[in-house]
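First up is the structure itself, then whatever we jot down about it.
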Amino acid sequence: MDVNQVYETYLKDLIDKGAHSRSVRIAMDRAIHSYRTLSANALRRFPKTIEKAKKVREIKEKSIANWEKLVEQARESFERNHAKTYFARTAKEANEIIGKIVGSGKTVVKGKSLTSEETHLRQYLQKLENEVYETDLGEFIIQLLDSRPMHLLAPAVNIPREQVAELLKKYIGEKVDPSNVSEEVAAVRRFLREKFTTADVGISGANVIAAETGTMVIIENEGNIRLATGLPDVHIALVGIEKVVETLEEAMMVAEVTWRYADYEMPGYVNLISGPSLTGDIEKVLTYGAHGPKELHVVFIDNGRSEMANDPSFRQALYCLRCGACLYECPVYAVTAGYYGHQYIGGIGTVWDAFTTAHDLAEVSPHAYTCVLCKRCKTRCPVDIDTADMMVALREKLVNQNLVPPTIQQFFEGMQEHEDE
Amino acid sequence: MKKVLYYGSSNLQYQQMAEVDEGIRELFAKAGVEYVVPPLEKHCVEGLYTFGYKEEARKEAIQFYEMVKDLDVEAVVTPYGASQYMWETTYPDEFGLKLPFPFYNVTQFFHKILMNEDVKFEPLPLKLVLHDGCTVGRKMGIYKEPRELLGKIPGLTLLDLPHPSVGIEGTTAADWSTCPGSWLNITIPELAEEVEMNFVQKDVMPLEADAITTDCANALFGIRMGIMKGNFPLKAYFFTDIINMVWRA
Ligand code: SF4
């Protein structure tokens with residue numbers, strides 16, 4: 001891939017759609033202000049979160065060092081709970097596994113999952129002629145826009161309410177007051193209700209997995225995960241290998257720190273799912289598929305993560321909880337939203353993309369040079385991830401592969417000329 | 001301290017901030033400190049290093065080291081946070097080069113000279129925001145010196161930028177450093193002015209100050225670009241400019 005071409009395309013989006021967009025700036029200002037207020041409140045009310053975050057860093061370090069063993073243990077535990085498990089080495093493998101389970105001609109409801117964005121699962125299932133609906137409100141808006149998430153937790157963070165109203169009118173035929181967010185939410189609720197109840201398959205990610213018990217923890221506020229993982233006959237979860245920790249206690253601590261730094265005092269729902277729905281109410285005969293799903297499939301995906309785990313310069317990226325706190329402190333993200341990103345977002349996302357979604361490193365070259373190395377994100381990060389350090393390491397790789405953007409090439413040549421004078 | 005190496009003069013000229021260079025020289029003169037500038041225009045290699053050219057950076061660092069190691073100076077003083085960090089940390093840790101003198105940000109250096117009771121500052125009725133450079137503050141922890149010096153100025157109201165950990169109890173450590181995006185002028189020039197302007201508009205202007213000052217020359221460059229782009233009614237001074245205004249030696 002030609003790095004100059006990548007730079008040009010990236011720059012166009014970054015500047016035209018991001019930095020020069022009035023609506024992006026309005027939405028970002030609102031989001032940053034609201035995040036800072038809410039997260040300050042959450043952390044003030046639960047000050048022990050700070051100590052727990054330190055513990056979570058230790059849990060993640062230990063878990064990533066033992067990921068193979070823990071994934072194995074998690075698989076055994078899930079299987080014992082009558083779930084089926086799979087291991088996908090690549091995004092393609094993950095999609096194929098899920099594609100086989102889903103088949104075609106089905107209705108699929110999806111909860112928010114960045115891992116499924118990484119593999120482009122929705123698009124893959126649509127190609128198999130399934131009807132696929134994102135059910136997280138932000139993701140639903142992104143689906144209508146045919147765009148990609150612009151924040152780890154708030155995918156449509158860059159879309160102001162006025163634009164949402166236009167989208168709803170155009171795509172689902174609902175006319176709502178553009179200043180009234182509740183009306184917008186109600187319109188989407190009406191539209192998706194019917195999808196939930198008729199869906200054949202529900203797909204989710206997971207925030208963290210406890211290996212010992214085979215339990216996934218999924219944090220949410222909207223209630224869409226409950227419906228997507230509870231109503232259809234089949235529930236499929238796609239989870240990165242970095243999500244597995246040893247015990248349920250550790251998993252709950254990871255989850256709590258995640259939601260607190262994601263600005264919630266307490267989320268609306270914390271789902272714990274360990275297997276398909278089950279009853280023994282008639283003569284103690286165990287029967288699967290009582291009210292909830294008859295089948296639970298858990299797909300563990302590597303897709304570059306083990307390579308990250310083996311590289312001391314980048315391993316810490318796997319500790320990321322995807323709380324999104326760092327993005328709200330990033331001076332670049334504040335003006336560009338997720339246009340500073342390839343598939344994942346911002347500085348931490350660039351490191352992730354380098355290992356997971358980029359087919360060659362040129363694809364993330366300009367992103368690596370978008371980071372200003374200020375380390376403000378590290379101050380905010382619950383697990384103290386040093387994205388700036390990783391960015392310098394990533395840049396070194398780019399230099400070694402002759403993949404720096406044109407501006408950096410010019411800088412380097414200027415330096416050389418200066419030296420020669 | 002009688003004689004120091006002053007690093008940054010040619011960079012300041014290059015960034016069209018000659019008056020900052022003059023201000024630093026003026027302050028040295030007032031303090032009776034003799035200074036020399038590097039004999040050749042060698043750079044500190046921070047750009048090369050952070051842009052990923054590690055090997056090239058190493059070679060140039062050796063040249064810089066050779067050029068200054070035997071100079072007859074007691075310290076190196078610089079208005080550039082990144083340079084100081086390179087010499088203090090990256091040179092020894094990455095390149096095995098330990099320069100034989102201490103390094104000071106201008107705020108640290110003049111703090112040593114001016115923070116005594118005999119030195120009196122003239123009043124300056126100004127609402128002033130202090131910007132801590134990312135490297136000066138966050139990476140090297142230099143927060144106290146500029147605050148104490150500015151705190152000595154009668155009539156001056158000192159304001160801090162929003163803290164990234166506001167509300168997080170237990171992490172109230174000094175850490176106000178915010179990046180105005182100056183490096184983007186090299187990496188993505190089209191984005192630089194937007195980030196610089198947004199920083200001034202969102203972080204600085206709500207404080208309703210008359211002026212902003214910073215302890216990193218690279219940051220000053222970005223801040224000034226942001227003010228210019230947004231046409232904001234705000235003045236931007238380098239730290240030493242403020243001291244020159246109030247100290248008649
Ligand atoms: S890098 Fe840290 S702050 Fe950013 S999303 Fe990950 S855990 Fe949260």
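So you can find residues: chains in the structure tokens are A, B, ... in the order shown, residues in each start at 1, and ligands are numbered from 1 in order.
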Let me see if you get this right: every residue at most 9 Å from ligand 1, counting only C-alpha atoms and all ligand atoms, written as a VMD selection string.
chain A and resid 152 to 153 258 261 to 262 317 to 328 346 to 349 377 to 387
Residues near B:Ile186, cut-off 10 Å, only C-alpha atoms, skip fewer than 2 positions along chain, as a count of residues only:
13
Closest pair table for chain A residues within 9 Å of chain B, only C-alpha atoms, as JSON lines:
```
{"residue": "A:Leu11", "atom": "CA", "partner": "B:Glu190", "partner_atom": "CA", "distance": 8.2}
{"residue": "A:Leu14", "atom": "CA", "partner": "B:Leu191", "partner_atom": "CA", "distance": 8.0}
{"residue": "A:Ile15", "atom": "CA", "partner": "B:Leu191", "partner_atom": "CA", "distance": 6.7}
{"residue": "A:Ala19", "atom": "CA", "partner": "B:Glu194", "partner_atom": "CA", "distance": 6.6}
{"residue": "A:His20", "atom": "CA", "partner": "B:Glu194", "partner_atom": "CA", "distance": 8.2}
{"residue": "A:Asp29", "atom": "CA", "partner": "B:Lys202", "partner_atom": "CA", "distance": 8.5}
{"residue": "A:Arg36", "atom": "CA", "partner": "B:Val166", "partner_atom": "CA", "distance": 8.1}
{"residue": "A:Thr37", "atom": "CA", "partner": "B:Gly167", "partner_atom": "CA", "distance": 8.6}
{"residue": "A:Ser39", "atom": "CA", "partner": "B:Gly167", "partner_atom": "CA", "distance": 7.8}
{"residue": "A:Ala40", "atom": "CA", "partner": "B:Gly167", "partner_atom": "CA", "distance": 4.3}
{"residue": "A:Asn41", "atom": "CA", "partner": "B:Gly167", "partner_atom": "CA", "distance": 6.9}
{"residue": "A:Ala42", "atom": "CA", "partner": "B:Gly167", "partner_atom": "CA", "distance": 8.6}
{"residue": "A:Leu43", "atom": "CA", "partner": "B:Ile168", "partner_atom": "CA", "distance": 5.6}
{"residue": "A:Arg44", "atom": "CA", "partner": "B:Gly167", "partner_atom": "CA", "distance": 5.9}
{"residue": "A:Pro47", "atom": "CA", "partner": "B:Glu169", "partner_atom": "CA", "distance": 6.2}
{"residue": "A:Lys48", "atom": "CA", "partner": "B:Glu169", "partner_atom": "CA", "distance": 8.9}
{"residue": "A:Ile50", "atom": "CA", "partner": "B:Gly170", "partner_atom": "CA", "distance": 7.2}
{"residue": "A:Glu51", "atom": "CA", "partner": "B:Gly170", "partner_atom": "CA", "distance": 8.8}
{"residue": "A:Glu329", "atom": "CA", "partner": "B:Pro164", "partner_atom": "CA", "distance": 6.8}
{"residue": "A:Cys330", "atom": "CA", "partner": "B:Cys179", "partner_atom": "CA", "distance": 8.7}
{"residue": "A:Pro331", "atom": "CA", "partner": "B:Val195", "partner_atom": "CA", "distance": 6.5}
{"residue": "A:Val332", "atom": "CA", "partner": "B:Val195", "partner_atom": "CA", "distance": 6.1}
{"residue": "A:Ala334", "atom": "CA", "partner": "B:Val195", "partner_atom": "CA", "distance": 8.0}
{"residue": "A:Val335", "atom": "CA", "partner": "B:Val195", "partner_atom": "CA", "distance": 6.5}
{"residue": "A:Thr336", "atom": "CA", "partner": "B:Leu191", "partner_atom": "CA", "distance": 8.9}
{"residue": "A:Pro366", "atom": "CA", "partner": "B:Thr187", "partner_atom": "CA", "distance": 8.4}
{"residue": "A:Tyr369", "atom": "CA", "partner": "B:Thr187", "partner_atom": "CA", "distance": 6.0}
{"residue": "A:Thr370", "atom": "CA", "partner": "B:Ile188", "partner_atom": "CA", "distance": 6.9}
{"residue": "A:Cys371", "atom": "CA", "partner": "B:Leu184", "partner_atom": "CA", "distance": 8.5}
{"residue": "A:Val372", "atom": "CA", "partner": "B:Trp183", "partner_atom": "CA", "distance": 6.3}
{"residue": "A:Leu373", "atom": "CA", "partner": "B:Cys134", "partner_atom": "CA", "distance": 8.5}
{"residue": "A:Cys374", "atom": "CA", "partner": "B:Cys134", "partner_atom": "CA", "distance": 5.4}
{"residue": "A:Lys375", "atom": "CA", "partner": "B:Arg138", "partner_atom": "CA", "distance": 7.5}
{"residue": "A:Arg376", "atom": "CA", "partner": "B:Thr178", "partner_atom": "CA", "distance": 7.0}
{"residue": "A:Cys377", "atom": "CA", "partner": "B:Pro164", "partner_atom": "CA", "distance": 8.5}
{"residue": "A:Thr379", "atom": "CA", "partner": "B:Pro164", "partner_atom": "CA", "distance": 6.9}
{"residue": "A:Arg380", "atom": "CA", "partner": "B:Ser165", "partner_atom": "CA", "distance": 6.3}
{"residue": "A:Met391", "atom": "CA", "partner": "B:Thr50", "partner_atom": "CA", "distance": 8.6}
{"residue": "A:Val392", "atom": "CA", "partner": "B:Thr50", "partner_atom": "CA", "distance": 5.5}
{"residue": "A:Ala393", "atom": "CA", "partner": "B:Gly52", "partner_atom": "CA", "distance": 7.0}
{"residue": "A:Leu394", "atom": "CA", "partner": "B:Gly52", "partner_atom": "CA", "distance": 7.6}
{"residue": "A:Arg395", "atom": "CA", "partner": "B:Gly52", "partner_atom": "CA", "distance": 4.6}
{"residue": "A:Glu396", "atom": "CA", "partner": "B:Gly52", "partner_atom": "CA", "distance": 3.8}
{"residue": "A:Lys397", "atom": "CA", "partner": "B:Gly52", "partner_atom": "CA", "distance": 7.4}
{"residue": "A:Leu398", "atom": "CA", "partner": "B:Gly52", "partner_atom": "CA", "distance": 7.4}
{"residue": "A:Val399", "atom": "CA", "partner": "B:Gly52", "partner_atom": "CA", "distance": 6.0}
{"residue": "A:Asn400", "atom": "CA", "partner": "B:Tyr53", "partner_atom": "CA", "distance": 8.3}
{"residue": "A:Val404", "atom": "CA", "partner": "B:Phe51", "partner_atom": "CA", "distance": 8.9}
{"residue": "A:Pro405", "atom": "CA", "partner": "B:Thr187", "partner_atom": "CA", "distance": 8.2}
{"residue": "A:Pro406", "atom": "CA", "partner": "B:Thr187", "partner_atom": "CA", "distance": 8.9}
{"residue": "A:Thr407", "atom": "CA", "partner": "B:Thr187", "partner_atom": "CA", "distance": 5.7}
{"residue": "A:Ile408", "atom": "CA", "partner": "B:Thr187", "partner_atom": "CA", "distance": 6.1}
{"residue": "A:Phe411", "atom": "CA", "partner": "B:Ile186", "partner_atom": "CA", "distance": 7.2}
{"residue": "A:Phe412", "atom": "CA", "partner": "B:Leu48", "partner_atom": "CA", "distance": 7.4}
{"residue": "A:Met415", "atom": "CA", "partner": "B:Leu48", "partner_atom": "CA", "distance": 8.6}
{"residue": "A:His418", "atom": "CA", "partner": "B:Glu41", "partner_atom": "CA", "distance": 9.0}
{"residue": "A:Glu419", "atom": "CA", "partner": "B:Lys42", "partner_atom": "CA", "distance": 8.1}
```
Show which residues sit within 9 Å of stretch 80-93 of chain A, as a compact mmCIF listing (two decimals) with C-alpha atoms, in the first residue's frame. Count only C-alpha atoms, and ignore same-chain residues fewer than 3 positions away.
```
# COMPACT_ATOMS: atom_id res chain seq x y z
CA ARG A 75 -13.32 -22.74 27.11
CA GLU A 76 -13.49 -25.75 29.42
CA SER A 77 -15.72 -23.87 31.84
CA GLU A 96 -16.52 -17.81 9.01
CA ILE A 97 -17.21 -19.57 12.30
CA ILE A 98 -20.03 -17.17 13.11
CA SER A 116 -17.09 -7.32 15.74
CA GLU A 118 -12.71 -5.14 13.94
CA THR A 119 -13.80 -8.17 11.90
CA HIS A 120 -16.57 -6.32 9.99
CA LEU A 121 -18.96 -9.00 11.16
CA THR A 213 -16.57 -20.16 36.01
CA GLY A 214 -16.96 -19.54 32.28
CA SER A 274 -22.39 -18.43 31.61
CA GLY A 275 -24.42 -20.73 29.40
CA PRO A 276 -27.67 -21.21 27.46
CA TYR A 288 -31.92 -26.12 27.67
CA GLU A 295 -27.61 -22.20 22.34
CA LEU A 296 -24.66 -20.14 23.46
CA HIS A 297 -21.58 -19.98 21.25
CA VAL A 298 -18.44 -18.24 22.46
CA VAL A 299 -15.86 -17.38 19.82
CA PHE A 300 -12.43 -16.39 21.14
CA ILE A 301 -10.41 -14.37 18.68
CA ASP A 302 -6.67 -13.76 18.47
CA ASN A 303 -6.22 -11.69 15.28
CA GLY A 304 -2.88 -10.16 16.22
CA THR A 356 -5.36 -6.28 14.33
CA THR A 357 -6.99 -4.51 11.40
```
Point-to-point distance in Å for atom CA of A:Lys69 and atom CA of A:Glu212:
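We find that atom CA of A:Glu212 and atom CA of A:Lys69 lie 11.1 Å from each other.
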